[in-house]
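A.B. asks: Before I ask anything, here is the structure I am working with.
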4 protein chains.
Amino acid sequence: MSDYDLVIRGGTLASAAEVFEADIGIKDGVIAALGRNLPRGVEEIPAKGMVVTPGGIDSHCHIEELGQDGSVQEESFASGSAAALAGGTTSFICFLPQWKGHGLADSAPGYEARAAASRADYSFHQIITDPTPDVLRRELPALVARGIRSFKVFLTYDPLRLTDREFIEVLAAARRLGAFVTVHCENYDAIGWRIEALLRAGLTDPLQHAWSRPPVVEREATHRAIALAELVDQPIQVFHVSCEEAAAEIAAARARGLKVWGETCPQYLTLSHADLQGADFAGAKAVCSPALREAGENERVWKRIQDGTLDVVTSDHCGFSFATQKKVAGSSAYGTGTAASRPDGTPVFNAIPNGVPGIETRMPVLFSEGVSKGRIDLPTFVRLTSANAAKLFGLQGRKGSLMPGADADLVLWDPDAERTIRNAALHHAIDYTPWEGMAVKGWPGTTIRRGEVAVRDGEVLAPPGSGRFLPRGPYALARPRGVVPDGFDAASV
Amino acid sequence: MSDYDLVIRGGTLASAAEVFEADIGIKDGVIAALGRNLPRGVEEIPAKGMVVTPGGIDSHCHIEELGQDGSVQEESFASGSAAALAGGTTSFICFLPQWKGHGLADSAPGYEARAAASRADYSFHQIITDPTPDVLRRELPALVARGIRSFKVFLTYDPLRLTDREFIEVLAAARRLGAFVTVHCENYDAIGWRIEALLRAGLTDPLQHAWSRPPVVEREATHRAIALAELVDQPIQVFHVSCEEAAAEIAAARARGLKVWGETCPQYLTLSHADLQGADFAGAKAVCSPALREAGENERVWKRIQDGTLDVVTSDHCGFSFATQKKVAGSSAYGTGTAASRPDGTPVFNAIPNGVPGIETRMPVLFSEGVSKGRIDLPTFVRLTSANAAKLFGLQGRKGSLMPGADADLVLWDPDAERTIRNAALHHAIDYTPWEGMAVKGWPGTTIRRGEVAVRDGEVLAPPGSGRFLPRGPYALARPRGVVPDGFDAASV
Amino acid sequence: MSDYDLVIRGGTLASAAEVFEADIGIKDGVIAALGRNLPRGVEEIPAKGMVVTPGGIDSHCHIEELGQDGSVQEESFASGSAAALAGGTTSFICFLPQWKGHGLADSAPGYEARAAASRADYSFHQIITDPTPDVLRRELPALVARGIRSFKVFLTYDPLRLTDREFIEVLAAARRLGAFVTVHCENYDAIGWRIEALLRAGLTDPLQHAWSRPPVVEREATHRAIALAELVDQPIQVFHVSCEEAAAEIAAARARGLKVWGETCPQYLTLSHADLQGADFAGAKAVCSPALREAGENERVWKRIQDGTLDVVTSDHCGFSFATQKKVAGSSAYGTGTAASRPDGTPVFNAIPNGVPGIETRMPVLFSEGVSKGRIDLPTFVRLTSANAAKLFGLQGRKGSLMPGADADLVLWDPDAERTIRNAALHHAIDYTPWEGMAVKGWPGTTIRRGEVAVRDGEVLAPPGSGRFLPRGPYALARPRGVVPDGFDAASV
Amino acid sequence: MSDYDLVIRGGTLASAAEVFEADIGIKDGVIAALGRNLPRGVEEIPAKGMVVTPGGIDSHCHIEELGQDGSVQEESFASGSAAALAGGTTSFICFLPQWKGHGLADSAPGYEARAAASRADYSFHQIITDPTPDVLRRELPALVARGIRSFKVFLTYDPLRLTDREFIEVLAAARRLGAFVTVHCENYDAIGWRIEALLRAGLTDPLQHAWSRPPVVEREATHRAIALAELVDQPIQVFHVSCEEAAAEIAAARARGLKVWGETCPQYLTLSHADLQGADFAGAKAVCSPALREAGENERVWKRIQDGTLDVVTSDHCGFSFATQKKVAGSSAYGTGTAASRPDGTPVFNAIPNGVPGIETRMPVLFSEGVSKGRIDLPTFVRLTSANAAKLFGLQGRKGSLMPGADADLVLWDPDAERTIRNAALHHAIDYTPWEGMAVKGWPGTTIRRGEVAVRDGEVLAPPGSGRFLPRGPYALARPRGVVPDGFDAASV
């Protein structure tokens, strides 16, 4: 009887630290051994010439979210997880909403049950919009006990934003519970003021979205989030950093020894104002927040990846189709403003649903623009797409690793394959991709999830429901303790 | 007939740029000439061996403020201005309050009339606590037309604080009107959270005031104020910078070319936590906001004076006597919290009225610690105490200058005089000074205000009502235009 | 009898700190009084509508230098000083050479006597190329005793450069003597290596001059000069800063409290690589060291003027005509390399004599590009062109000031005059100006030197020999003492 | 027949990225497999509860160096390599000297043959003191072809230092050859000047060693080395960074995208001025260059380890016994000065041989002070002690790795073992250790070198001569290309 259910033979393996040649022996869905000339497995997959990386963790994506108004996001767990696997992502973390005025348990009822349809492994960040004492003192401990150990807060968006005081309370709760906090950093009031001024001036097209929230509003909120986290001495991750101004705040915080991390997304590495200006309202396809920046900013964000300030790349996948949502005034509550429309029926810039789809393209775009173009090496690619997220979000040792004992989540890349991204070939439910027509080099031909071939040659084999919920442990990337201005632990009383 | 009503003869003059020997000829209250061997005046004051500087401008002091609750601050215009003159300050700018829920005109009725009792020249900053459209669009333009061209906003204190949106609206109004904005920068929510935690932990003594608002809460609000001013492209001055963390934000803003200035006060240059810890509740005497910092921070603030980041030194004079206010629970609404008392009847730390008296000691303390100890030269002393304030607050050419045409506001310093500061010898209405017992070198023996001897040998000669209201022009210290993320002037629509 | 020999009546005066209206009364060549409505002078010059500034101090220019090979620089004291006065400069500091292998006294014999032909007041920096014990311990003290209180060292150029050890010895001597040190900062070895590589590659045209000494070689030497000055605790001025990289080192040093100042020149504020590329070898006209930088660098240097890092602007006037020197191979020993020529007889880039003429255009170009274009205000212009140099070089109170007691060196500017710079209209001996054809706004119509009209309507009235040698006192711009790593004063033993 | 010669069973493995549980199967001296429940090996070592790391690489140590004067350093290859293995170091890189006036091949004849006595694997950096054309164009290419791919240059020490020009030539040669360059950064001239001043002042005790070379001389040379490497676009490693000032230069260079790395040593993390001041001349034991710094600096260096600026920790092992060398005037040519002695026969501070022994204590001290005290995690420990050196010095995939295919160089640590460092228990030839008496937690009980047990329970089993020479490949840690001021590759011509 063979030791291994499956052996991936002869690949070039990329861990978070090294590149080396080895076979991978898999048993019961787990990596059992790495070795030269491992004994034959029950099954074998030849990987000579292939680069083998851990399966991706997309720690920031929006899937099938249920709105308080009864709406359901277009991207379902079945479709979104198919897209994830096809793009090399074997685990993702999406969001448990809290509806304003509701507790956690009675917001978005049935959401966790729906998630069971996923083909990829999954977990949740708990969004907190209303940190009542009951939420902070009763519901969050219970949530953490179930392995949901990260909270998401918004500093902007009407139905979501927290005041500084509420944010501090969430930080303090997280500190008490050993949970992690992620933050959407933009200054709500500044954006509101800008939007009104632009609308008063009659400026309504999609590009105005960028002018309504310039880098300074992101920098401000980033600095504020860091300062409040410093006050409480609680680790945070700043979500979707779009520009040097915000990244520089994170770098400065790290230099002071604070426990602050930064995430970015492929859109901030490849797209810019030009993408907000297409004909036929096509600019709406690129409306996301923070907004895309001026030409040249992409390279500054790459530099912050290279220097380690930004160490996780996610999709921030948001599923709004162009035909049914992005270009239709009043289609959605996910814009930042009213449902007002322009004369041609398209929405004013601040009524366009925010977000771009990207769960499937995240890893190929980063591989091509990063690894193939020489901006990053393979271990950095692994850290950005899985290993660092595993450590921040309590999945270390199980996900984002090729080492024995880890789940056998693997991607086999053909590093020389040249493809053109076409929405028609993607598996998500959305009718466009902002990377339509982009030529990429390097492609994830085969995805293995817990030892099973989930995708082969672009065909998704994993059925709905084959994904598993991932209860998570504490974060494992702790930096040296932050500076506490005094010895008093204000979060503890 | 003599050309000059008065000649100050043979002094060592210190302008904002130079030190030189000259006589000063005064005619009709104005400096008519500087020269060697000027003709005799009707009166003569020998100044050989004396240092002659422009009369001080204290651009930040609280005098006889009227509370919405009917309270009146202890320091009257008559007493406060006597103290000012005795300390070398010939002009000051105090505050027109806005009571919440009131317009500007119907807040603190009669306040301007009371100010007419001043012995020194005076002007007002308009505090804005409720920037309604009527205030922004009707009252502020009228105020500016009357020469009150600076607004003060608070980012903390319950009855005073503005939201970010309100702050932005004030900045935009100031931009439209060519007015200047000054800001008290501390994060309200962070302080509130800290106070509650300290009180829950039973920590109530005056030193807790400092722990309740550590440097990070000042730095956060400073960065936020700068960011919002950058968004609007409006010049601001950050009031009473207490620590390197906040000063560094200002320095960074200047390095980016932004129109941001910083002020500090003698308390942040000479006092520290130790002063919050005296016996018999004496620590209450040093309770002010921002709070005093840990030992060592003083020198960092001096360094920021030396490098030009902090270029105005004011008193932030607040008149609360120790016996009647500082140590009496419930005495005042000027604390940051409730009127709760400790077992011995003294107030909990956050119920102590905030602020220290200093309008008379400001210049002698700075002369002694700065000039006599070699930290700054005389022209820097002049810039810090009058010339820079004149430029920021629209008094250039009239105040803070020794040049012909300027008001003959002069101080004759004996640079070698050694004194010990004693509250008994001060002219303010307050029953203590935080600098009690401090030895100083250099003393302002004679103060001349518009050509009249207002103080001679410590005796205040200027009668109540001899001071004049100073209508002010636009600021004159404009830095290069700030970075506007786009060409659109959002404040204009 | 009138009190004043001359009254400048009704001008707008600009001091280093302020702009104000006043008459200037002059007696015996000295400013006797500033005042409103001064009594009539023997002579009167109406100045209504004119801006009156102190006469310029050009603290860095090369005039009639005598080479060890017998050569004499083309610009004579008579011609150079005429140009200086015509451009508003009433005092200049040029250089006493030291010939290698010679003591100070027997280098360039007769040079001081030649200088007596100057029409403007003048002083010398002593160049040190060979700091023998006799020079350091005997000759320099004697020089300082004669009021020559500043030394110049070169870190590059074959016949001039000091080793680090020699530089340290000069710094230590200056520290003992209370003298000031100025430094030409470029890395000799790096330039030499680059030159050889370029020549080997057959790249010989004038633009290669810039490629042979990129910003990094200037930054390196600037950092090194600062570090060694820090070691010795001796104030220095970095000459002719051409780029942000070097300026940033100075700014960082200042932020550490070091006694380091920076100078720049109009060529680094207005010219760039494009000027090195003209037809007919015209690029040679712009060959100077440090080299001109790439387009865009000018604005970075302006920013460092605005933030105060660079606080003196000089000409670094070097008189090499184009027809006789710049384009003639072998004409001069002032290139950085051999006398090799190109096929057309023009010199290879490193054999072109280094330096541009600018003593006459310095102030008009800075007034026009700085004041008229709104980059700097008038007091800053005064600080850059005279007041700061006066303080650094021991002329405070005498030069660079409008205050009573100062020499009556004045320039009357018509701020609205529009002119085009033409070499034909300049007074120097050189056959070109790099600013040929430049339109300027603001022109110095009248120059007064020690109370005499030296230039009227562009006509130079001051005869050769009317200038005076300026013995100088100690520097007066002392920053706080530098950080000395230990208490031991190594320069003292 | 077993698949594995040896299985390390059940240990907690620490790679450069992760910590995980696995068995290690070794075959033919190479890691053949990592796995859970690997089949039995011929031999088995139980490692339950042990931490298993890659064997250390000490990429900077001085062993048995041959002086041009016929001297031989006390530490022989046999003794030094025994000490290395006992301390967990399985590979080291020592130095091929170049004697001034000699080519590489005829310097230190027989040195490579002596090295064959090593018990650990070894390689060489080639010191270059005399980069003649023959060395640069003929000998270095031959050396690189033999797998000696790194050069060491000194910017100080009389018999070793290069001029800037020579340094540039070495950098350019390295660039052409794909070799790496390491640099000792201190300013020679500054040190010389300081030494002379101290001696003139009669200050001769060991502490003066530190005053003779303060941080500024290290910072200066570090900045210069970086600037010249930037000019040439050649990667370098700055050796033995002792202080924040130097580390900050490296961090700034990295932020600009330059290919610069930094190394430090345990002495700069744990020792300070106090160690230079013991009774009975004991301070001499701690004389090394750069010098130990003031109290407090250690923590700043730790911070630069934590932020990644310093990413390799070596011993800089130098074997000079106290009784025979350190305290004996004239004993050695390895001091920085003359052989002068003090009245008691001990040498003046600058005649004390420079360097401390540390090849055996390097890893235990770093494990204890770093890992056990919570300053760094295990993967960081692995990167600092082996993995990063492997990548910089062309040993990646073979050394510093636990992955299949790597040499089976392993250390089994008992993380809870508490020991006191005693020189009597060390294996080096030197009569003292500067860490005498230090309590450490964590001890390397077993060292395996290429699959053989080289040390068991502190007993060195590997015989002399069992170590192998390591030919090395190109560096593998390439950062993004440095900024080249122009497109011209000056190193190529």
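In the structure tokens, chains take letters A, B, ... by order of appearance, with residues numbered from 1 within each chain and ligands from 1 in the order shown.
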I'd like the neighbourhood of Ala454 (chain D) as a PyMOL selection string, where a residue qualifies if any of its atoms comes within 10 Å (using only C-alpha atoms), though same-chain residues fewer than 4 positions away should be ignored.
C.D. replies: chain D and resi 82+85-86+88+90+119-120+409-411+446-450+458-463+466
A.B. asks: Write out as a PyMOL selection string every residue belonging to chain A that has an atom at most 6 Å from any atom of chain D, counting only C-alpha atoms.
C.D. replies: chain A and resi 16-17+32-36+404
A.B. asks: Which residues, written as a VMD selection string, have at least one atom at most 7 Å from Glu218 (chain A), with only C-alpha atoms counted and residues fewer than 6 positions away on the same chain left out?
C.D. replies: chain A and resid 185 to 187 246
A.B. asks: Please identify all polymer residues within 12 Å of Ser79 (chain B), counting only C-alpha atoms, omitting same-chain residues fewer than 4 positions from it, and present them as a list in words.
C.D. replies: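 Using only C-alpha atoms, the neighbours found are Ile63, Glu64, Gln73, Glu74, Glu75, Ala83, Ala84, Leu85, Ala86, Ala115, Ala117, Ser118, Arg119, Ala120, Gly319, Ile359, Glu360, Leu426, His427, His428, Ala429, Ile430, Val460, Ala462, Pro463, Pro464 and Gly465 of chain B.
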A.B. asks: To test your reading of the structure, identify every residue in region 169-393 of chain D that backbone DSSP assigns to strand (DSSP E), and report it as a list in words.
C.D. replies: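 Written out, the strand (DSSP E) residues of region 169-393 of chain D are Phe180, Val181, Thr182, Val183, His184, Ile236, Gln237, Val238, Val260, Trp261, Gly262, Glu263, Thr264, Leu310, Asp311, Val312 and Val313 of chain D.
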A.B. asks: Could you pull out the alpha helix (DSSP H) residues of region 143-371 of chain B from DSSP and send them as a VMD selection string?
C.D. replies: chain B and resid 143 to 145 164 to 177 188 to 200 207 to 212 215 to 232 244 to 255 266 to 270 297 to 306 362 to 366
A.B. asks: Please provide the set of residues having any atom within 12 Å of Asp489 (chain B), restricted to only C-alpha atoms, with same-chain residues fewer than 3 positions apart removed, written as a ChimeraX atom specification.
C.D. replies: /A:193-194,197-198,200-201,211-212 /B:172,175-176,230-234,483-486,492-493
A.B. asks: Just the selected residues (N, CA, C and O atoms), exported as a compact mmCIF listing (two decimals), in the first residue's frame, please.
C.D. replies:
# COMPACT_ATOMS: atom_id res chain seq x y z
N TRP A 193 -18.00 66.12 1.81
CA TRP A 193 -17.88 67.53 1.42
C TRP A 193 -17.47 67.67 -0.04
O TRP A 193 -18.02 68.47 -0.79
N ARG A 194 -16.53 66.82 -0.45
CA ARG A 194 -16.07 66.86 -1.83
C ARG A 194 -17.17 66.46 -2.81
O ARG A 194 -17.33 67.04 -3.87
N ALA A 197 -19.60 69.25 -3.32
CA ALA A 197 -19.04 70.34 -4.12
C ALA A 197 -19.01 69.96 -5.59
O ALA A 197 -19.36 70.77 -6.46
N LEU A 198 -18.59 68.74 -5.87
CA LEU A 198 -18.53 68.29 -7.27
C LEU A 198 -19.91 68.28 -7.89
O LEU A 198 -20.11 68.74 -9.02
N ARG A 200 -22.51 69.99 -6.94
CA ARG A 200 -22.96 71.38 -7.12
C ARG A 200 -22.36 72.00 -8.38
O ARG A 200 -22.98 72.83 -9.03
N ALA A 201 -21.15 71.60 -8.68
CA ALA A 201 -20.47 72.13 -9.86
C ALA A 201 -20.89 71.39 -11.13
O ALA A 201 -20.38 71.69 -12.21
N TRP A 211 -11.78 62.14 -7.92
CA TRP A 211 -11.59 63.49 -7.38
C TRP A 211 -12.34 63.68 -6.06
O TRP A 211 -11.97 64.55 -5.26
N SER A 212 -13.35 62.90 -5.84
CA SER A 212 -14.13 63.07 -4.61
C SER A 212 -13.42 62.47 -3.40
O SER A 212 -13.79 62.74 -2.27
N ALA B 172 -13.28 76.03 4.63
CA ALA B 172 -13.70 76.51 3.31
C ALA B 172 -14.18 77.96 3.40
O ALA B 172 -13.90 78.78 2.51
N ARG B 175 -11.20 80.14 3.63
CA ARG B 175 -10.55 80.26 2.32
C ARG B 175 -11.27 81.28 1.45
O ARG B 175 -10.63 82.11 0.80
N ARG B 176 -12.59 81.23 1.45
CA ARG B 176 -13.35 82.20 0.65
C ARG B 176 -13.11 83.63 1.13
O ARG B 176 -13.09 84.57 0.36
N GLU B 230 -5.17 70.73 4.10
CA GLU B 230 -4.57 70.45 2.80
C GLU B 230 -5.67 70.21 1.77
O GLU B 230 -5.59 70.68 0.63
N LEU B 231 -6.68 69.47 2.18
CA LEU B 231 -7.81 69.19 1.28
C LEU B 231 -8.45 70.48 0.79
O LEU B 231 -8.78 70.63 -0.39
N VAL B 232 -8.60 71.42 1.70
CA VAL B 232 -9.29 72.67 1.37
C VAL B 232 -8.31 73.72 0.85
O VAL B 232 -8.72 74.69 0.22
N ASP B 233 -7.01 73.49 1.05
CA ASP B 233 -5.98 74.47 0.71
C ASP B 233 -6.14 75.76 1.50
O ASP B 233 -6.23 76.86 0.94
N GLN B 234 -6.20 75.64 2.81
CA GLN B 234 -6.41 76.78 3.69
C GLN B 234 -5.29 76.81 4.74
O GLN B 234 -5.01 75.77 5.36
N VAL B 483 -0.49 71.65 -2.04
CA VAL B 483 -0.79 70.71 -3.11
C VAL B 483 -2.30 70.52 -3.17
O VAL B 483 -2.91 70.10 -2.20
N VAL B 484 -2.89 70.84 -4.26
CA VAL B 484 -4.31 70.54 -4.46
C VAL B 484 -4.38 69.34 -5.37
O VAL B 484 -3.80 69.34 -6.45
N PRO B 485 -5.03 68.28 -4.89
CA PRO B 485 -5.00 67.05 -5.67
C PRO B 485 -5.57 67.21 -7.07
O PRO B 485 -5.28 66.45 -7.95
N ASP B 486 -6.41 68.18 -7.29
CA ASP B 486 -6.91 68.41 -8.63
C ASP B 486 -7.07 69.92 -8.79
O ASP B 486 -6.78 70.69 -7.89
N SER B 492 -15.07 76.81 -3.38
CA SER B 492 -15.65 77.97 -4.06
C SER B 492 -17.09 77.76 -4.47
O SER B 492 -17.75 78.70 -4.87
N VAL B 493 -17.57 76.55 -4.43
CA VAL B 493 -18.94 76.30 -4.93
C VAL B 493 -19.92 76.13 -3.78
O VAL B 493 -19.53 75.87 -2.64
A.B. asks: How many Å lie between CA of Gly400 (chain A) and CA of Pro54 (chain A), rounded to one decimal?
C.D. replies: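 Between CA of Gly400 (chain A) and CA of Pro54 (chain A) the gap is 5.2 Å.
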A.B. asks: Just to confirm, what's the straight-line distance from CA of Leu378 (chain D) to CA of Val51 (chain D) in Å (one decimal)?
C.D. replies: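 So the two atoms, CA of Leu378 (chain D) and CA of Val51 (chain D), lie 9.0 Å apart.
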A.B. asks: For region 5-7 of chain A, work out the shell of residues within 6 Å, counting only C-alpha atoms and skipping chain neighbours fewer than 3 positions away, then give it as an NGL selection string.
C.D. replies: :A and (24-27 or 41-44)
A.B. asks: Could you name the residues that touch Thr182 (chain B) at 10 Å or less, counting only C-alpha atoms, but leaving out those on the same chain fewer than 6 positions away, as a ChimeraX atom specification?
C.D. replies: /B:60,125-127,150-154,171,225,235-239,260-263
